Amino acid sequence: MFLLLDQNSRLPDDSQGLFVAILWSLWTSRNNLIFQNFSENHNAVIERARAMLLTRKIIPVVTTTTPIVLSDKWMPPSFGWIKCSTDGAFDDITGENGAGYVMRDFTSKAYLCAAMVFEVSSAEEAEARAIRGVLKKAVDQKMTHIIIESDAKKLVEQFSSGLFDGDSSTDAIFKDIKLYSSKLSACIFSFQPRTCNYVDHELAQWAKCKKSSMYWSVPPAWLAPTVEGDHYPFEGL
């Protein structure tokens with residue numbers, strides 16, 4: 001309250017968001033240690049706070065009539081980190097499903113894309129399968145610092161809190177997610193609305209439509225326009 005509200009001691013407007021984000025990230029780190037027995041270093045705490053801030057556009061002056069607007073573009077991670085965006089699709093009537101992921105580095109370069117089909121019974125299971133798939137690939141590729149992005153808000157909040165218990169159809173998947181994430185030096189689960197990343201959504205829809213799984217080391221030609229139009233230019237950061 002002293003740093004945020006007191007007129008004589010409050011932080012500058014451009015520092016308040018970072019301060020609050022770091023408090024939230026510290027709380028998340030504390031929960032990860034208590035509930036998951038997973039210890040994070042200060043770099044992971046700072047990067048998670050930064051990842052949260054990057055989901056919002058900067059508004060110089062905030063008033064009671066000024067809206068806080070979510071970014072409508074994907075934002076690249078810091079140097080040394082990989083963002084792994086995931087999405088799952090499921091039709092409640094037909095049972096048709098698909099999952100997709102794409103990995104990108106600080107230059108916005110996309111690689112290791114996947115479109116996958118599974119035997120699932122819910123949208124949540126499809127989303128979890130996508131997260132499990134990209135985590136397994138990250139471990140196989142010996143990556144160390146990754147950010148998992150998903151529009152499955154409930155799952156992101158659950159995993160960020162260090163909770164990996166599911167029902168009869170998801171528990172094994174959740175436990176795999178816990179195992180793979182623990183093998184990384186730092187793993188951040190971040191909620192992103194679909195407007196921030198259409199690439200993984202397109203991959204999930206492709207898998208659902210084609211009823212086929214495919215993996216690419218570089219984006220296929222049909223996906224390239226979506227990749228190019230999906231993110232903010234790197235030089236603009």
# chains A, B, ... in the order shown; residues from 1 in each chain; ligands from 1
>>> residues_around(residues="A:Ala99", least_positions_apart="3", cutoff="7 Å", atoms="only C-alpha atoms", output="PDB file with N, CA, C and O atoms, in the first residue's frame")
ATOM      1  N   ASP A  87      -2.382 -25.720 -28.081  1.00  0.00           N
ATOM      2  CA  ASP A  87      -3.831 -25.613 -28.171  1.00  0.00           C
ATOM      3  C   ASP A  87      -4.431 -26.993 -28.410  1.00  0.00           C
ATOM      4  O   ASP A  87      -3.797 -27.863 -29.023  1.00  0.00           O
ATOM      5  N   GLY A  88      -5.646 -27.181 -27.898  1.00  0.00           N
ATOM      6  CA  GLY A  88      -6.371 -28.423 -28.121  1.00  0.00           C
ATOM      7  C   GLY A  88      -7.761 -28.117 -28.655  1.00  0.00           C
ATOM      8  O   GLY A  88      -8.349 -27.086 -28.312  1.00  0.00           O
ATOM      9  N   ALA A  89      -8.277 -28.993 -29.493  1.00  0.00           N
ATOM     10  CA  ALA A  89      -9.617 -28.823 -30.062  1.00  0.00           C
ATOM     11  C   ALA A  89     -10.405 -30.112 -29.874  1.00  0.00           C
ATOM     12  O   ALA A  89      -9.861 -31.206 -30.042  1.00  0.00           O
ATOM     13  N   ALA A 115       1.105 -31.215 -35.158  1.00  0.00           N
ATOM     14  CA  ALA A 115      -0.349 -31.356 -35.174  1.00  0.00           C
ATOM     15  C   ALA A 115      -0.626 -32.804 -34.792  1.00  0.00           C
ATOM     16  O   ALA A 115      -0.090 -33.730 -35.415  1.00  0.00           O
ATOM     17  N   MET A 116      -1.452 -33.016 -33.766  1.00  0.00           N
ATOM     18  CA  MET A 116      -1.597 -34.357 -33.196  1.00  0.00           C
ATOM     19  C   MET A 116      -3.063 -34.720 -32.984  1.00  0.00           C
ATOM     20  O   MET A 116      -3.893 -33.860 -32.701  1.00  0.00           O
ATOM     21  N   VAL A 117      -3.350 -36.008 -33.111  1.00  0.00           N
ATOM     22  CA  VAL A 117      -4.679 -36.550 -32.844  1.00  0.00           C
ATOM     23  C   VAL A 117      -4.554 -37.618 -31.768  1.00  0.00           C
ATOM     24  O   VAL A 117      -3.617 -38.426 -31.791  1.00  0.00           O
ATOM     25  N   ALA A 126      -7.835 -32.771 -24.348  1.00  0.00           N
ATOM     26  CA  ALA A 126      -7.109 -32.394 -25.561  1.00  0.00           C
ATOM     27  C   ALA A 126      -6.082 -31.305 -25.265  1.00  0.00           C
ATOM     28  O   ALA A 126      -4.943 -31.358 -25.745  1.00  0.00           O
ATOM     29  N   GLU A 127      -6.475 -30.299 -24.452  1.00  0.00           N
ATOM     30  CA  GLU A 127      -5.538 -29.228 -24.076  1.00  0.00           C
ATOM     31  C   GLU A 127      -4.368 -29.797 -23.279  1.00  0.00           C
ATOM     32  O   GLU A 127      -3.200 -29.416 -23.492  1.00  0.00           O
ATOM     33  N   ALA A 130      -1.890 -31.599 -25.441  1.00  0.00           N
ATOM     34  CA  ALA A 130      -1.020 -30.677 -26.169  1.00  0.00           C
ATOM     35  C   ALA A 130       0.127 -30.202 -25.288  1.00  0.00           C
ATOM     36  O   ALA A 130       1.290 -30.138 -25.721  1.00  0.00           O
ATOM     37  N   LEU A 203      -2.828 -25.339 -36.051  1.00  0.00           N
ATOM     38  CA  LEU A 203      -2.287 -26.698 -36.057  1.00  0.00           C
ATOM     39  C   LEU A 203      -3.279 -27.693 -35.447  1.00  0.00           C
ATOM     40  O   LEU A 203      -3.458 -28.804 -35.962  1.00  0.00           O
ATOM     41  N   ALA A 204      -3.927 -27.288 -34.353  1.00  0.00           N
ATOM     42  CA  ALA A 204      -4.916 -28.165 -33.723  1.00  0.00           C
ATOM     43  C   ALA A 204      -6.101 -28.408 -34.652  1.00  0.00           C
ATOM     44  O   ALA A 204      -6.607 -29.535 -34.768  1.00  0.00           O
ATOM     45  N   ALA A 207      -5.128 -30.839 -37.449  1.00  0.00           N
ATOM     46  CA  ALA A 207      -5.126 -32.231 -36.993  1.00  0.00           C
ATOM     47  C   ALA A 207      -6.551 -32.762 -36.859  1.00  0.00           C
ATOM     48  O   ALA A 207      -6.847 -33.904 -37.244  1.00  0.00           O
TER      49      ALA A 207
END
>>> residues_around(residues="A:Ser85", least_positions_apart="3", cutoff="10 Å", atoms="only C-alpha atoms", output="PDB file with C-alpha atoms, in the first residue's frame")
ATOM      1  CA  TRP A  74       2.223 -13.028 -29.775  1.00  0.00           C
ATOM      2  CA  ILE A  82      11.716 -20.779 -25.612  1.00  0.00           C
ATOM      3  CA  GLY A 100      -1.038 -28.500 -31.803  1.00  0.00           C
ATOM      4  CA  TYR A 101       2.071 -26.756 -30.596  1.00  0.00           C
ATOM      5  CA  VAL A 102       4.804 -24.503 -31.923  1.00  0.00           C
ATOM      6  CA  MET A 103       8.109 -23.480 -30.346  1.00  0.00           C
ATOM      7  CA  ARG A 104       9.609 -20.025 -30.897  1.00  0.00           C
ATOM      8  CA  CYS A 113       5.656 -27.566 -34.934  1.00  0.00           C
ATOM      9  CA  ALA A 130      -1.020 -30.677 -26.169  1.00  0.00           C
ATOM     10  CA  ILE A 131       0.851 -29.403 -23.098  1.00  0.00           C
ATOM     11  CA  VAL A 134       5.306 -30.012 -26.087  1.00  0.00           C
ATOM     12  CA  ILE A 147       7.295 -20.894 -21.188  1.00  0.00           C
ATOM     13  CA  ILE A 148       4.192 -22.972 -21.863  1.00  0.00           C
ATOM     14  CA  GLU A 149       1.434 -20.803 -23.330  1.00  0.00           C
ATOM     15  CA  SER A 150      -2.167 -22.000 -23.474  1.00  0.00           C
ATOM     16  CA  ASP A 151      -5.679 -20.546 -23.620  1.00  0.00           C
ATOM     17  CA  SER A 190       1.244 -18.799 -18.882  1.00  0.00           C
ATOM     18  CA  PHE A 191      -2.348 -18.112 -19.921  1.00  0.00           C
ATOM     19  CA  GLN A 192      -2.723 -16.465 -23.313  1.00  0.00           C
ATOM     20  CA  CYS A 196      -2.314 -13.758 -28.943  1.00  0.00           C
ATOM     21  CA  ASN A 197      -1.453 -16.915 -30.838  1.00  0.00           C
ATOM     22  CA  TYR A 198      -3.281 -18.348 -33.816  1.00  0.00           C
ATOM     23  CA  VAL A 199      -0.458 -20.664 -34.888  1.00  0.00           C
ATOM     24  CA  ASP A 200      -1.066 -23.501 -32.440  1.00  0.00           C
ATOM     25  CA  HIS A 201      -4.833 -23.104 -32.957  1.00  0.00           C
TER      26      HIS A 201
END
>>> residues_around(residues="A:Asp165", least_positions_apart="4", cutoff="12 Å", atoms="only C-alpha atoms", output="VMD selection string")
chain A and resid 35 to 36 155 158 to 159 161 169 to 178
>>> write_last_selection(atoms="N, CA and C atoms", output="PDB file, in the first residue's frame")
ATOM      1  N   PHE A  35       3.914 -27.128  -2.593  1.00  0.00           N
ATOM      2  CA  PHE A  35       3.007 -28.154  -3.098  1.00  0.00           C
ATOM      3  C   PHE A  35       3.649 -29.104  -4.104  1.00  0.00           C
ATOM      4  N   GLN A  36       4.738 -28.660  -4.752  1.00  0.00           N
ATOM      5  CA  GLN A  36       5.362 -29.481  -5.790  1.00  0.00           C
ATOM      6  C   GLN A  36       6.784 -29.887  -5.423  1.00  0.00           C
ATOM      7  N   LEU A 155      -6.380 -24.954 -16.590  1.00  0.00           N
ATOM      8  CA  LEU A 155      -5.201 -25.810 -16.503  1.00  0.00           C
ATOM      9  C   LEU A 155      -3.957 -25.003 -16.165  1.00  0.00           C
ATOM     10  N   GLN A 158      -4.004 -24.174 -12.533  1.00  0.00           N
ATOM     11  CA  GLN A 158      -3.779 -25.375 -11.737  1.00  0.00           C
ATOM     12  C   GLN A 158      -2.308 -25.752 -11.727  1.00  0.00           C
ATOM     13  N   PHE A 159      -1.689 -25.813 -12.900  1.00  0.00           N
ATOM     14  CA  PHE A 159      -0.280 -26.211 -12.984  1.00  0.00           C
ATOM     15  C   PHE A 159       0.634 -25.157 -12.369  1.00  0.00           C
ATOM     16  N   SER A 161       0.005 -23.432  -9.863  1.00  0.00           N
ATOM     17  CA  SER A 161      -0.100 -23.586  -8.408  1.00  0.00           C
ATOM     18  C   SER A 161       0.542 -24.871  -7.908  1.00  0.00           C
ATOM     19  N   SER A 169      -9.559 -39.661 -16.435  1.00  0.00           N
ATOM     20  CA  SER A 169      -9.082 -39.549 -17.813  1.00  0.00           C
ATOM     21  C   SER A 169      -7.871 -38.637 -17.965  1.00  0.00           C
ATOM     22  N   THR A 170      -7.609 -37.805 -16.960  1.00  0.00           N
ATOM     23  CA  THR A 170      -6.513 -36.824 -17.096  1.00  0.00           C
ATOM     24  C   THR A 170      -5.387 -37.002 -16.089  1.00  0.00           C
ATOM     25  N   ASP A 171      -5.590 -37.789 -15.048  1.00  0.00           N
ATOM     26  CA  ASP A 171      -4.597 -37.850 -13.973  1.00  0.00           C
ATOM     27  C   ASP A 171      -3.219 -38.291 -14.477  1.00  0.00           C
ATOM     28  N   ALA A 172      -3.180 -39.309 -15.316  1.00  0.00           N
ATOM     29  CA  ALA A 172      -1.893 -39.786 -15.835  1.00  0.00           C
ATOM     30  C   ALA A 172      -1.217 -38.724 -16.690  1.00  0.00           C
ATOM     31  N   ILE A 173      -2.011 -37.985 -17.460  1.00  0.00           N
ATOM     32  CA  ILE A 173      -1.462 -36.913 -18.295  1.00  0.00           C
ATOM     33  C   ILE A 173      -0.886 -35.811 -17.411  1.00  0.00           C
ATOM     34  N   PHE A 174      -1.639 -35.421 -16.377  1.00  0.00           N
ATOM     35  CA  PHE A 174      -1.176 -34.371 -15.469  1.00  0.00           C
ATOM     36  C   PHE A 174       0.115 -34.785 -14.765  1.00  0.00           C
ATOM     37  N   LYS A 175       0.212 -36.043 -14.391  1.00  0.00           N
ATOM     38  CA  LYS A 175       1.410 -36.520 -13.705  1.00  0.00           C
ATOM     39  C   LYS A 175       2.615 -36.482 -14.657  1.00  0.00           C
ATOM     40  N   ASP A 176       2.385 -36.797 -15.937  1.00  0.00           N
ATOM     41  CA  ASP A 176       3.461 -36.684 -16.927  1.00  0.00           C
ATOM     42  C   ASP A 176       3.906 -35.229 -17.067  1.00  0.00           C
ATOM     43  N   ILE A 177       2.943 -34.306 -17.061  1.00  0.00           N
ATOM     44  CA  ILE A 177       3.273 -32.881 -17.153  1.00  0.00           C
ATOM     45  C   ILE A 177       4.131 -32.461 -15.967  1.00  0.00           C
ATOM     46  N   LYS A 178       3.787 -32.937 -14.785  1.00  0.00           N
ATOM     47  CA  LYS A 178       4.587 -32.649 -13.594  1.00  0.00           C
ATOM     48  C   LYS A 178       6.002 -33.210 -13.741  1.00  0.00           C
TER      49      LYS A 178
END
>>> residues_around(residues="stretch 29-31 of chain A", least_positions_apart="3", cutoff="12 Å", atoms="only C-alpha atoms", output="count of residues only")
32
>>> closest_residue(among="A:Arg129, A:Lys142, A:Lys109, A:Lys154", to="A:Asp230", atoms="only C-alpha atoms")
A:Lys109
